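**Student:** Below you'll find the structure I mean.
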Amino acid sequence: MHPDQPHGAAQAADFDVLIVGAGLSGIAAAYHLQTNSPRQRYAILEGRDAIGGTWDLFRYPGVRSDSDMSTLGYSFRPWQSDQSIASGAAIRDYVQQTAEQFGIARHIRYGQQVLRASWSSADACWRVEVRDGAHGAIRRHTCRFLYLCSGYYDYAQGYQPAWPGTQRFGGQLVHPQQWPAELNYTGKRIIVIGSGATAVTLLPSLATSAAHVTMLQRSPTYIVARPSRDKIAAWLRRALPEGLAHRLTRSKNILLGMYFYNLARRFPHKARQAILGGIRRQLGADFDVDQHFSPDYLPWDQRLCLVPDGDLFKAIRAGKADVVTGQIETFTERGLRLRSGQELDADIIVSATGLQLKMLGGIALDVDGVAVDLAQRHMYKGMMCDDLPNLAFALGYTNASWTLKCELTAKYVCRLLNHMEARGYAWCAPRWRDPSLGEEPALDLKSGYVQRAASILPKQGSRRPWKLYQNYVYDTISLALGRVADGTMAYGRAGVAVNAVPQAALERTGT
Ligand SMILES: Cc1cc2nc3c(=O)[nH]c(=O)nc-3n(C[C@H](O)[C@H](O)[C@H](O)COP(=O)(O)OP(=O)(O)OC[C@H]3O[C@@H](n4cnc5c(N)ncnc54)[C@H](O)[C@@H]3O)c2cc1C
């Protein structure tokens, strides 16, 4: 949207679009913006001094994806390795190379932490306040559209329960989010507290040089072994041109992922038996699978953990690692005492107890001076909120690769921008006005980190376009094919507040 925009549109802002975050989704957002809406002037503001987000922040031993890279990677840049489960460093390099290859890197401004954004209806723009990491100075920018690709958790710290006695512990207590680069764990006895993706990643990796590793969990998680190498993808890559092989592998993995997810939701007890049967085959008849790997919920009530090539089970079989299920009573000088009375000794304790969710990069938002409380809002298509003009966010799937949804969102944002440009609108905002709509939690997961964040998460509606089905096919229909003027999205000119557009005037046209 340039100064030559039609009458009634906003005055020129510093940027048309400000993207916040240079992780997987920020780079996808920039790519689609350049490709589908090339007239938009944009920049990426990144709070840290590095590209890659999650894949740069997390440095614990063994850090890797648990999704396959043909779908966690981009649709527009094939993942060029037979390893479909990739290390954190490989993913970081991939994000960086993508940014360089497509000329996105020069748009990134590092060390720019966005603190606050205020929407002005009079000017139809966001005023964005940014702390410059280099000297702490506050910088101000204006933009027409704010696109938050800021992830979903607090970068400053992970979640750690307040256990009694931590001060007494004579060894080292570390959180995987702040893994000390110099930590030497060779020959050490290690306890990893947790049973999620991080704990099951750390265990086999630490076990290669530690004296022994114990995974201490309060309750078990479903764990499924899968090959780290995709043989069909490798064969396709040899037999076909790269682009075609990539598209086929992606389609295969999207469809298989959806198939197994839906099968597990439809026949949860059979899925449970199949998963537990797989673990029994891995660990043998003597291992107490019921105690340590049999959760008291059904598959996909919480995320499944995938372990490449059964590495977790191999470490247990080799006697290098074990699993203890119990509750911590207190830290002691030498390790932990459980409520059962059992004592566990350790030189290093790792609290793989998860993340603290943080919505929209912790940015304080207001619309015409009225503070926005996200918990009172509803997500539209899992990418915007009601009555929040010209603001979209990238939130990925919980049951499939994050990037799949982020790319759908990125393309939809371009469609919105193009529609506004073509019609001379200055803003768009979805409106929640239908009294028959029911409210539901935004995330259908019972995981601790989701439950802890209930008070900061927006809600969703009981049906489309306010409901997210966590389903790539439904979302493709909704985001790639659905009309951008759907009778729910309001469009307006500068100087007109969102509420001032009569409901009856909402367009039901456009492509
Ligand atoms: C250990 C781990 C493993 C994971 N494995 C998988 C997996 O296998 N598959 C999967 O689908 N998902 C996985 N996820 C989820 C993962 O976060 C996503 O896959 C994806 O990397 C998120 O990308 P993103 O760009 O949206 O967010 P992030 O990677 O979190 O990047 C957000 C960026 O925004 C910046 N930022 C945030 N707030 C501000 C602000 N206010 N101002 C300026 N900059 C800001 C941050 O500094 C960061 O660089 C994993 C997550 C973790 C923690």
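Identifiers for the structure tokens are assigned positionally: chains receive A, B, ... in sequence, residues are indexed from 1 per chain, and ligands are indexed from 1 in the order shown.
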Extract the full set of helix (DSSP H, G or I) residues from range 262-405 of chain A according to DSSP on the backbone, and format it as an MDAnalysis selection string.
**Tutor:** chainID A and resid 262:266 268:283 289:292 311:317 359:362 374:376 402:405
**Student:** Hey, which residues sit close to ligand 1? Say within 6 Å, counting only C-alpha atoms and all ligand atoms, and write them as a PDB file with all heavy atoms, in the first residue's frame.
**Tutor:**
ATOM      1  N   VAL A  20       6.888  -9.480  13.287  1.00  0.00           N
ATOM      2  CA  VAL A  20       7.652  -9.596  14.539  1.00  0.00           C
ATOM      3  C   VAL A  20       8.104 -11.049  14.675  1.00  0.00           C
ATOM      4  O   VAL A  20       7.282 -11.957  14.748  1.00  0.00           O
ATOM      5  CB  VAL A  20       6.803  -9.182  15.757  1.00  0.00           C
ATOM      6  CG1 VAL A  20       7.621  -9.330  17.044  1.00  0.00           C
ATOM      7  CG2 VAL A  20       6.309  -7.754  15.597  1.00  0.00           C
ATOM      8  N   GLY A  21       9.426 -11.250  14.683  1.00  0.00           N
ATOM      9  CA  GLY A  21       9.966 -12.594  14.863  1.00  0.00           C
ATOM     10  C   GLY A  21      10.620 -13.133  13.607  1.00  0.00           C
ATOM     11  O   GLY A  21      10.022 -13.108  12.522  1.00  0.00           O
ATOM     12  N   ALA A  22      11.853 -13.602  13.745  1.00  0.00           N
ATOM     13  CA  ALA A  22      12.589 -14.174  12.601  1.00  0.00           C
ATOM     14  C   ALA A  22      12.833 -15.654  12.823  1.00  0.00           C
ATOM     15  O   ALA A  22      13.940 -16.158  12.653  1.00  0.00           O
ATOM     16  CB  ALA A  22      13.896 -13.422  12.386  1.00  0.00           C
ATOM     17  N   GLY A  23      11.788 -16.355  13.245  1.00  0.00           N
ATOM     18  CA  GLY A  23      11.855 -17.812  13.345  1.00  0.00           C
ATOM     19  C   GLY A  23      11.282 -18.431  12.075  1.00  0.00           C
ATOM     20  O   GLY A  23      11.128 -17.744  11.044  1.00  0.00           O
ATOM     21  N   LEU A  24      10.948 -19.704  12.147  1.00  0.00           N
ATOM     22  CA  LEU A  24      10.391 -20.395  10.978  1.00  0.00           C
ATOM     23  C   LEU A  24       9.211 -19.634  10.389  1.00  0.00           C
ATOM     24  O   LEU A  24       9.104 -19.445   9.176  1.00  0.00           O
ATOM     25  CB  LEU A  24       9.891 -21.783  11.409  1.00  0.00           C
ATOM     26  CG  LEU A  24      10.812 -22.977  11.225  1.00  0.00           C
ATOM     27  CD1 LEU A  24      10.220 -24.215  11.865  1.00  0.00           C
ATOM     28  CD2 LEU A  24      11.089 -23.242   9.745  1.00  0.00           C
ATOM     29  N   SER A  25       8.301 -19.154  11.261  1.00  0.00           N
ATOM     30  CA  SER A  25       7.093 -18.542  10.706  1.00  0.00           C
ATOM     31  C   SER A  25       7.334 -17.121  10.201  1.00  0.00           C
ATOM     32  O   SER A  25       6.687 -16.703   9.228  1.00  0.00           O
ATOM     33  CB  SER A  25       5.926 -18.606  11.697  1.00  0.00           C
ATOM     34  OG  SER A  25       6.250 -17.978  12.888  1.00  0.00           O
ATOM     35  N   GLY A  26       8.235 -16.369  10.820  1.00  0.00           N
ATOM     36  CA  GLY A  26       8.522 -15.010  10.332  1.00  0.00           C
ATOM     37  C   GLY A  26       9.126 -15.033   8.935  1.00  0.00           C
ATOM     38  O   GLY A  26       8.794 -14.204   8.078  1.00  0.00           O
ATOM     39  N   LEU A  45      11.106  -7.391  12.685  1.00  0.00           N
ATOM     40  CA  LEU A  45      11.740  -6.977  13.937  1.00  0.00           C
ATOM     41  C   LEU A  45      11.964  -8.231  14.782  1.00  0.00           C
ATOM     42  O   LEU A  45      11.017  -8.944  15.105  1.00  0.00           O
ATOM     43  CB  LEU A  45      10.849  -5.995  14.697  1.00  0.00           C
ATOM     44  CG  LEU A  45      10.514  -4.699  13.958  1.00  0.00           C
ATOM     45  CD1 LEU A  45       9.648  -3.807  14.829  1.00  0.00           C
ATOM     46  CD2 LEU A  45      11.786  -3.969  13.523  1.00  0.00           C
ATOM     47  N   GLU A  46      13.201  -8.475  15.115  1.00  0.00           N
ATOM     48  CA  GLU A  46      13.542  -9.676  15.891  1.00  0.00           C
ATOM     49  C   GLU A  46      14.190  -9.225  17.207  1.00  0.00           C
ATOM     50  O   GLU A  46      15.164  -8.484  17.188  1.00  0.00           O
ATOM     51  CB  GLU A  46      14.490 -10.569  15.081  1.00  0.00           C
ATOM     52  CG  GLU A  46      15.147 -11.696  15.857  1.00  0.00           C
ATOM     53  CD  GLU A  46      14.171 -12.576  16.639  1.00  0.00           C
ATOM     54  OE1 GLU A  46      13.258 -13.165  16.023  1.00  0.00           O
ATOM     55  OE2 GLU A  46      14.325 -12.674  17.886  1.00  0.00           O
ATOM     56  N   GLY A  47      13.645  -9.717  18.316  1.00  0.00           N
ATOM     57  CA  GLY A  47      14.133  -9.295  19.626  1.00  0.00           C
ATOM     58  C   GLY A  47      15.527  -9.805  19.952  1.00  0.00           C
ATOM     59  O   GLY A  47      16.296  -9.153  20.661  1.00  0.00           O
ATOM     60  N   ARG A  48      15.875 -10.960  19.423  1.00  0.00           N
ATOM     61  CA  ARG A  48      17.175 -11.540  19.725  1.00  0.00           C
ATOM     62  C   ARG A  48      18.187 -11.083  18.666  1.00  0.00           C
ATOM     63  O   ARG A  48      17.842 -10.360  17.750  1.00  0.00           O
ATOM     64  CB  ARG A  48      17.064 -13.068  19.775  1.00  0.00           C
ATOM     65  CG  ARG A  48      15.981 -13.518  20.759  1.00  0.00           C
ATOM     66  CD  ARG A  48      15.753 -15.013  20.789  1.00  0.00           C
ATOM     67  NE  ARG A  48      16.896 -15.705  21.347  1.00  0.00           N
ATOM     68  CZ  ARG A  48      17.623 -16.607  20.707  1.00  0.00           C
ATOM     69  NH1 ARG A  48      17.300 -16.952  19.462  1.00  0.00           N
ATOM     70  NH2 ARG A  48      18.647 -17.191  21.274  1.00  0.00           N
ATOM     71  N   GLY A  52      16.128 -17.735  13.545  1.00  0.00           N
ATOM     72  CA  GLY A  52      15.829 -19.145  13.823  1.00  0.00           C
ATOM     73  C   GLY A  52      14.901 -19.392  14.996  1.00  0.00           C
ATOM     74  O   GLY A  52      14.376 -20.493  15.133  1.00  0.00           O
ATOM     75  N   GLY A  53      14.703 -18.379  15.872  1.00  0.00           N
ATOM     76  CA  GLY A  53      13.766 -18.536  16.993  1.00  0.00           C
ATOM     77  C   GLY A  53      14.090 -19.764  17.829  1.00  0.00           C
ATOM     78  O   GLY A  53      15.227 -19.947  18.301  1.00  0.00           O
ATOM     79  N   THR A  54      13.106 -20.633  17.969  1.00  0.00           N
ATOM     80  CA  THR A  54      13.221 -21.867  18.756  1.00  0.00           C
ATOM     81  C   THR A  54      14.512 -22.623  18.448  1.00  0.00           C
ATOM     82  O   THR A  54      15.168 -23.146  19.344  1.00  0.00           O
ATOM     83  CB  THR A  54      12.029 -22.785  18.391  1.00  0.00           C
ATOM     84  OG1 THR A  54      10.831 -22.115  18.764  1.00  0.00           O
ATOM     85  CG2 THR A  54      12.113 -24.135  19.067  1.00  0.00           C
ATOM     86  N   SER A  65      13.925 -31.891  15.849  1.00  0.00           N
ATOM     87  CA  SER A  65      12.486 -31.853  15.583  1.00  0.00           C
ATOM     88  C   SER A  65      11.897 -33.208  15.940  1.00  0.00           C
ATOM     89  O   SER A  65      12.618 -34.205  16.013  1.00  0.00           O
ATOM     90  CB  SER A  65      12.245 -31.592  14.094  1.00  0.00           C
ATOM     91  OG  SER A  65      12.653 -32.724  13.329  1.00  0.00           O
ATOM     92  N   ASP A  66      10.586 -33.220  16.168  1.00  0.00           N
ATOM     93  CA  ASP A  66       9.950 -34.544  16.168  1.00  0.00           C
ATOM     94  C   ASP A  66       8.904 -34.630  15.062  1.00  0.00           C
ATOM     95  O   ASP A  66       8.192 -35.612  14.946  1.00  0.00           O
ATOM     96  CB  ASP A  66       9.415 -34.954  17.541  1.00  0.00           C
ATOM     97  CG  ASP A  66       8.397 -33.994  18.101  1.00  0.00           C
ATOM     98  OD1 ASP A  66       7.981 -33.082  17.383  1.00  0.00           O
ATOM     99  OD2 ASP A  66       8.008 -34.171  19.270  1.00  0.00           O
ATOM    100  N   SER A  67       8.812 -33.580  14.252  1.00  0.00           N
ATOM    101  CA  SER A  67       8.027 -33.663  13.013  1.00  0.00           C
ATOM    102  C   SER A  67       8.987 -33.953  11.873  1.00  0.00           C
ATOM    103  O   SER A  67      10.170 -33.654  11.972  1.00  0.00           O
ATOM    104  CB  SER A  67       7.391 -32.330  12.653  1.00  0.00           C
ATOM    105  OG  SER A  67       6.685 -31.792  13.708  1.00  0.00           O
ATOM    106  N   LEU A  72       7.723 -29.735   8.323  1.00  0.00           N
ATOM    107  CA  LEU A  72       8.178 -28.646   9.214  1.00  0.00           C
ATOM    108  C   LEU A  72       8.977 -27.631   8.394  1.00  0.00           C
ATOM    109  O   LEU A  72       9.002 -26.443   8.697  1.00  0.00           O
ATOM    110  CB  LEU A  72       9.019 -29.208  10.369  1.00  0.00           C
ATOM    111  CG  LEU A  72       9.411 -28.197  11.454  1.00  0.00           C
ATOM    112  CD1 LEU A  72       8.185 -27.596  12.127  1.00  0.00           C
ATOM    113  CD2 LEU A  72      10.311 -28.824  12.516  1.00  0.00           C
ATOM    114  N   GLN A 112      15.661  -6.035  18.283  1.00  0.00           N
ATOM    115  CA  GLN A 112      14.535  -5.089  18.347  1.00  0.00           C
ATOM    116  C   GLN A 112      13.351  -5.774  19.019  1.00  0.00           C
ATOM    117  O   GLN A 112      12.592  -6.499  18.384  1.00  0.00           O
ATOM    118  CB  GLN A 112      14.146  -4.641  16.931  1.00  0.00           C
ATOM    119  CG  GLN A 112      15.279  -4.058  16.112  1.00  0.00           C
ATOM    120  CD  GLN A 112      15.811  -2.771  16.719  1.00  0.00           C
ATOM    121  OE1 GLN A 112      15.057  -1.848  17.002  1.00  0.00           O
ATOM    122  NE2 GLN A 112      17.113  -2.728  16.943  1.00  0.00           N
ATOM    123  N   GLN A 113      13.216  -5.562  20.311  1.00  0.00           N
ATOM    124  CA  GLN A 113      12.147  -6.207  21.078  1.00  0.00           C
ATOM    125  C   GLN A 113      10.902  -5.319  21.052  1.00  0.00           C
ATOM    126  O   GLN A 113      10.934  -4.181  21.528  1.00  0.00           O
ATOM    127  CB  GLN A 113      12.619  -6.419  22.525  1.00  0.00           C
ATOM    128  CG  GLN A 113      11.643  -7.167  23.410  1.00  0.00           C
ATOM    129  CD  GLN A 113      11.580  -8.665  23.099  1.00  0.00           C
ATOM    130  OE1 GLN A 113      12.511  -9.211  22.497  1.00  0.00           O
ATOM    131  NE2 GLN A 113      10.499  -9.315  23.471  1.00  0.00           N
ATOM    132  N   VAL A 114       9.845  -5.840  20.494  1.00  0.00           N
ATOM    133  CA  VAL A 114       8.614  -5.043  20.411  1.00  0.00           C
ATOM    134  C   VAL A 114       7.898  -5.094  21.760  1.00  0.00           C
ATOM    135  O   VAL A 114       7.627  -6.177  22.290  1.00  0.00           O
ATOM    136  CB  VAL A 114       7.693  -5.565  19.290  1.00  0.00           C
ATOM    137  CG1 VAL A 114       6.420  -4.731  19.221  1.00  0.00           C
ATOM    138  CG2 VAL A 114       8.424  -5.542  17.956  1.00  0.00           C
ATOM    139  N   LEU A 115       7.641  -3.925  22.317  1.00  0.00           N
ATOM    140  CA  LEU A 115       7.053  -3.855  23.662  1.00  0.00           C
ATOM    141  C   LEU A 115       5.566  -3.565  23.615  1.00  0.00           C
ATOM    142  O   LEU A 115       4.796  -4.102  24.400  1.00  0.00           O
ATOM    143  CB  LEU A 115       7.735  -2.736  24.475  1.00  0.00           C
ATOM    144  CG  LEU A 115       9.260  -2.803  24.588  1.00  0.00           C
ATOM    145  CD1 LEU A 115       9.775  -1.581  25.323  1.00  0.00           C
ATOM    146  CD2 LEU A 115       9.683  -4.077  25.304  1.00  0.00           C
ATOM    147  N   CYS A 149       4.777 -13.065  14.382  1.00  0.00           N
ATOM    148  CA  CYS A 149       5.316 -14.416  14.185  1.00  0.00           C
ATOM    149  C   CYS A 149       6.251 -14.676  15.358  1.00  0.00           C
ATOM    150  O   CYS A 149       7.420 -15.022  15.191  1.00  0.00           O
ATOM    151  CB  CYS A 149       6.060 -14.497  12.857  1.00  0.00           C
ATOM    152  SG  CYS A 149       4.978 -14.188  11.450  1.00  0.00           S
ATOM    153  N   SER A 150       5.707 -14.447  16.539  1.00  0.00           N
ATOM    154  CA  SER A 150       6.533 -14.366  17.741  1.00  0.00           C
ATOM    155  C   SER A 150       6.484 -15.637  18.572  1.00  0.00           C
ATOM    156  O   SER A 150       6.882 -15.630  19.735  1.00  0.00           O
ATOM    157  CB  SER A 150       6.077 -13.156  18.563  1.00  0.00           C
ATOM    158  OG  SER A 150       4.663 -13.079  18.585  1.00  0.00           O
ATOM    159  N   GLY A 151       6.003 -16.720  17.998  1.00  0.00           N
ATOM    160  CA  GLY A 151       6.001 -17.986  18.716  1.00  0.00           C
ATOM    161  C   GLY A 151       4.905 -18.027  19.768  1.00  0.00           C
ATOM    162  O   GLY A 151       3.961 -17.243  19.732  1.00  0.00           O
ATOM    163  N   GLY A 361       4.035 -12.577  21.667  1.00  0.00           N
ATOM    164  CA  GLY A 361       5.325 -11.983  22.008  1.00  0.00           C
ATOM    165  C   GLY A 361       5.286 -11.094  23.234  1.00  0.00           C
ATOM    166  O   GLY A 361       6.208 -10.307  23.452  1.00  0.00           O
ATOM    167  N   GLY A 362       4.225 -11.214  24.044  1.00  0.00           N
ATOM    168  CA  GLY A 362       4.127 -10.385  25.250  1.00  0.00           C
ATOM    169  C   GLY A 362       3.914  -8.911  24.939  1.00  0.00           C
ATOM    170  O   GLY A 362       4.117  -8.046  25.809  1.00  0.00           O
ATOM    171  N   ILE A 363       3.509  -8.601  23.729  1.00  0.00           N
ATOM    172  CA  ILE A 363       3.354  -7.191  23.328  1.00  0.00           C
ATOM    173  C   ILE A 363       2.056  -6.634  23.927  1.00  0.00           C
ATOM    174  O   ILE A 363       0.999  -7.250  23.820  1.00  0.00           O
ATOM    175  CB  ILE A 363       3.319  -7.078  21.785  1.00  0.00           C
ATOM    176  CG1 ILE A 363       4.626  -7.620  21.210  1.00  0.00           C
ATOM    177  CG2 ILE A 363       3.063  -5.640  21.345  1.00  0.00           C
ATOM    178  CD1 ILE A 363       4.586  -7.830  19.707  1.00  0.00           C
ATOM    179  N   ALA A 394       0.902 -15.862  13.692  1.00  0.00           N
ATOM    180  CA  ALA A 394       1.225 -17.196  13.163  1.00  0.00           C
ATOM    181  C   ALA A 394       1.217 -18.181  14.319  1.00  0.00           C
ATOM    182  O   ALA A 394       2.096 -18.136  15.176  1.00  0.00           O
ATOM    183  CB  ALA A 394       2.612 -17.155  12.517  1.00  0.00           C
ATOM    184  N   ALA A 400       0.311 -31.534  14.127  1.00  0.00           N
ATOM    185  CA  ALA A 400       1.032 -31.682  12.846  1.00  0.00           C
ATOM    186  C   ALA A 400       2.110 -30.602  12.845  1.00  0.00           C
ATOM    187  O   ALA A 400       2.212 -29.820  13.793  1.00  0.00           O
ATOM    188  CB  ALA A 400       0.077 -31.488  11.673  1.00  0.00           C
ATOM    189  N   SER A 401       2.880 -30.538  11.773  1.00  0.00           N
ATOM    190  CA  SER A 401       3.977 -29.570  11.761  1.00  0.00           C
ATOM    191  C   SER A 401       3.461 -28.132  11.811  1.00  0.00           C
ATOM    192  O   SER A 401       2.527 -27.761  11.103  1.00  0.00           O
ATOM    193  CB  SER A 401       4.833 -29.765  10.512  1.00  0.00           C
ATOM    194  OG  SER A 401       5.628 -30.890  10.687  1.00  0.00           O
ATOM    195  N   TRP A 402       4.102 -27.375  12.654  1.00  0.00           N
ATOM    196  CA  TRP A 402       3.775 -25.967  12.898  1.00  0.00           C
ATOM    197  C   TRP A 402       3.692 -25.170  11.598  1.00  0.00           C
ATOM    198  O   TRP A 402       2.768 -24.395  11.360  1.00  0.00           O
ATOM    199  CB  TRP A 402       4.899 -25.420  13.791  1.00  0.00           C
ATOM    200  CG  TRP A 402       4.786 -24.030  14.259  1.00  0.00           C
ATOM    201  CD1 TRP A 402       5.338 -22.914  13.686  1.00  0.00           C
ATOM    202  CD2 TRP A 402       4.102 -23.574  15.443  1.00  0.00           C
ATOM    203  NE1 TRP A 402       5.047 -21.811  14.431  1.00  0.00           N
ATOM    204  CE2 TRP A 402       4.290 -22.194  15.517  1.00  0.00           C
ATOM    205  CE3 TRP A 402       3.360 -24.204  16.443  1.00  0.00           C
ATOM    206  CZ2 TRP A 402       3.765 -21.420  16.555  1.00  0.00           C
ATOM    207  CZ3 TRP A 402       2.837 -23.440  17.467  1.00  0.00           C
ATOM    208  CH2 TRP A 402       3.038 -22.073  17.502  1.00  0.00           C
TER     209      TRP A 402
END
**Student:** Which neighbours of Thr35 in chain A fall inside 10 Å, counting only C-alpha atoms, when residues of the same chain fewer than 5 positions from it are skipped, and could you give them as a VMD selection string?
**Tutor:** chain A and resid 29 to 30 102 411 414
**Student:** Write out, as an mmCIF file, in the first residue's frame, the residues just selected, with all heavy atoms.
**Tutor:**
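Listing of selection.cif after writing:
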data_model
loop_
_atom_site.group_PDB
_atom_site.id
_atom_site.type_symbol
_atom_site.label_atom_id
_atom_site.label_comp_id
_atom_site.auth_asym_id
_atom_site.auth_seq_id
_atom_site.Cartn_x
_atom_site.Cartn_y
_atom_site.Cartn_z
ATOM 1 N N ALA A 29 6.420 -15.893 6.514
ATOM 2 C CA ALA A 29 5.555 -14.719 6.306
ATOM 3 C C ALA A 29 6.191 -13.775 5.287
ATOM 4 O O ALA A 29 5.531 -13.297 4.354
ATOM 5 C CB ALA A 29 5.335 -13.998 7.637
ATOM 6 N N ALA A 30 7.488 -13.529 5.445
ATOM 7 C CA ALA A 30 8.180 -12.610 4.538
ATOM 8 C C ALA A 30 8.210 -13.168 3.119
ATOM 9 O O ALA A 30 7.982 -12.442 2.134
ATOM 10 C CB ALA A 30 9.602 -12.369 5.041
ATOM 11 N N PHE A 102 16.281 -15.985 -0.514
ATOM 12 C CA PHE A 102 15.152 -15.218 -1.053
ATOM 13 C C PHE A 102 15.246 -13.716 -0.740
ATOM 14 O O PHE A 102 14.256 -12.986 -0.859
ATOM 15 C CB PHE A 102 13.834 -15.803 -0.544
ATOM 16 C CG PHE A 102 13.577 -17.188 -1.081
ATOM 17 C CD1 PHE A 102 13.806 -18.310 -0.314
ATOM 18 C CD2 PHE A 102 13.155 -17.366 -2.398
ATOM 19 C CE1 PHE A 102 13.600 -19.591 -0.818
ATOM 20 C CE2 PHE A 102 12.944 -18.650 -2.916
ATOM 21 C CZ PHE A 102 13.172 -19.757 -2.119
ATOM 22 N N LYS A 411 -0.325 -16.952 3.501
ATOM 23 C CA LYS A 411 -0.956 -16.728 2.190
ATOM 24 C C LYS A 411 -2.291 -16.000 2.371
ATOM 25 O O LYS A 411 -2.668 -15.164 1.546
ATOM 26 C CB LYS A 411 -1.168 -18.067 1.477
ATOM 27 C CG LYS A 411 0.146 -18.663 0.979
ATOM 28 C CD LYS A 411 -0.131 -19.895 0.138
ATOM 29 C CE LYS A 411 0.691 -21.059 0.602
ATOM 30 N NZ LYS A 411 0.436 -22.317 0.010
ATOM 31 N N CYS A 414 -1.790 -12.331 2.803
ATOM 32 C CA CYS A 414 -1.552 -11.694 1.494
ATOM 33 C C CYS A 414 -2.879 -11.467 0.768
ATOM 34 O O CYS A 414 -3.082 -10.409 0.150
ATOM 35 C CB CYS A 414 -0.623 -12.540 0.633
ATOM 36 S SG CYS A 414 1.024 -12.661 1.311
#
**Student:** If DSSP is run on the backbone, what residues of range 91-164 of chain A are strand (DSSP E or B)? A reply as number ranges by chain would be ideal.
**Tutor:** A: 108-109, 112-120, 125-132, 138-148, 153
**Student:** Mind dumping a table of every range 17-125 of chain A residue within 7 Å of range 485-506 of chain A, with the nearest atom pair and its distance in Å to one decimal, using only C-alpha atoms, sorted by chain and rising number, as a Markdown table?
**Tutor:**
| residue | atom | partner | partner_atom | distance |
| --- | --- | --- | --- | --- |
| A:Ser121 | CA | A:Ala497 | CA | 5.3 |
| A:Ala122 | CA | A:Gly495 | CA | 4.0 |
| A:Asp123 | CA | A:Ala494 | CA | 5.6 |
| A:Ala124 | CA | A:Ala494 | CA | 4.9 |
**Student:** Pull N, CA, C and O atoms from the residues just selected and write them as a PDB file, in the first residue's frame.
**Tutor:**
ATOM      1  N   SER A 121      -7.422   4.372  15.044  1.00  0.00           N
ATOM      2  CA  SER A 121      -8.437   4.308  13.977  1.00  0.00           C
ATOM      3  C   SER A 121      -8.372   5.556  13.108  1.00  0.00           C
ATOM      4  O   SER A 121      -8.650   5.500  11.907  1.00  0.00           O
ATOM      5  N   ALA A 122      -8.000   6.684  13.718  1.00  0.00           N
ATOM      6  CA  ALA A 122      -7.954   7.938  12.959  1.00  0.00           C
ATOM      7  C   ALA A 122      -6.977   7.810  11.792  1.00  0.00           C
ATOM      8  O   ALA A 122      -7.262   8.251  10.671  1.00  0.00           O
ATOM      9  N   ASP A 123      -5.825   7.179  12.050  1.00  0.00           N
ATOM     10  CA  ASP A 123      -4.796   7.074  11.004  1.00  0.00           C
ATOM     11  C   ASP A 123      -4.759   5.702  10.355  1.00  0.00           C
ATOM     12  O   ASP A 123      -3.974   5.483   9.426  1.00  0.00           O
ATOM     13  N   ALA A 124      -5.559   4.796  10.873  1.00  0.00           N
ATOM     14  CA  ALA A 124      -5.533   3.403  10.405  1.00  0.00           C
ATOM     15  C   ALA A 124      -4.107   2.855  10.370  1.00  0.00           C
ATOM     16  O   ALA A 124      -3.622   2.362   9.345  1.00  0.00           O
TER      17      ALA A 124
END
**Student:** What is the distance between CA of Pro308 in chain A and CA of Arg237 in chain A, in Å to one decimal?
**Tutor:** 21.0 Å
**Student:** Write out as an MDAnalysis selection string the residues lying within 9 Å of Ala197 in chain A, counting only C-alpha atoms and excluding same-chain residues fewer than 4 positions away.
**Tutor:** chainID A and resid 66 201:202 303:307 352 354
**Student:** Find the residue from A:Leu437, A:Ala346, A:Ile328, A:Ala315 that sits nearest to Gly187 in chain A; use only C-alpha atoms when measuring.
**Tutor:**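 Of all the options, A:Ala346 lies closest to Gly187 in chain A.
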**Student:** Neighbours of range 277-287 of chain A within 12 Å (only C-alpha atoms; same-chain residues fewer than 6 positions away dropped), as a VMD selection string?
**Tutor:** chain A and resid 221 to 226 270 to 271 293 to 294 306 to 307 309 to 319 322 to 324
**Student:** Compare A:Cys385, A:Arg39, A:Ser87, A:Met69 by their minimum atom-to-atom distance to Trp55 in chain A, counting only C-alpha atoms, and give me the closest one.
**Tutor:**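 Ranking A:Cys385, A:Arg39, A:Ser87, A:Met69 by distance to Trp55 in chain A, first place goes to A:Ser87.
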**Student:** What is the distance between CA of Gly382 in chain A and CA of Gly158 in chain A, in Å to one decimal?
**Tutor:**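 The value is 24.4 Å.
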**Student:** For range 454-476 of chain A against range 371-374 of chain A, with a cut-off of 7 Å and counting only C-alpha atoms, what is the closest atom pair and its distance in Å to one decimal for every residue that makes the cut, ordered by chain and number, as a Markdown table?
**Tutor:**
| residue | atom | partner | partner_atom | distance |
| --- | --- | --- | --- | --- |
| A:Ile456 | CA | A:Leu374 | CA | 6.3 |
| A:Leu457 | CA | A:Leu374 | CA | 6.3 |
| A:Pro458 | CA | A:Leu374 | CA | 5.1 |
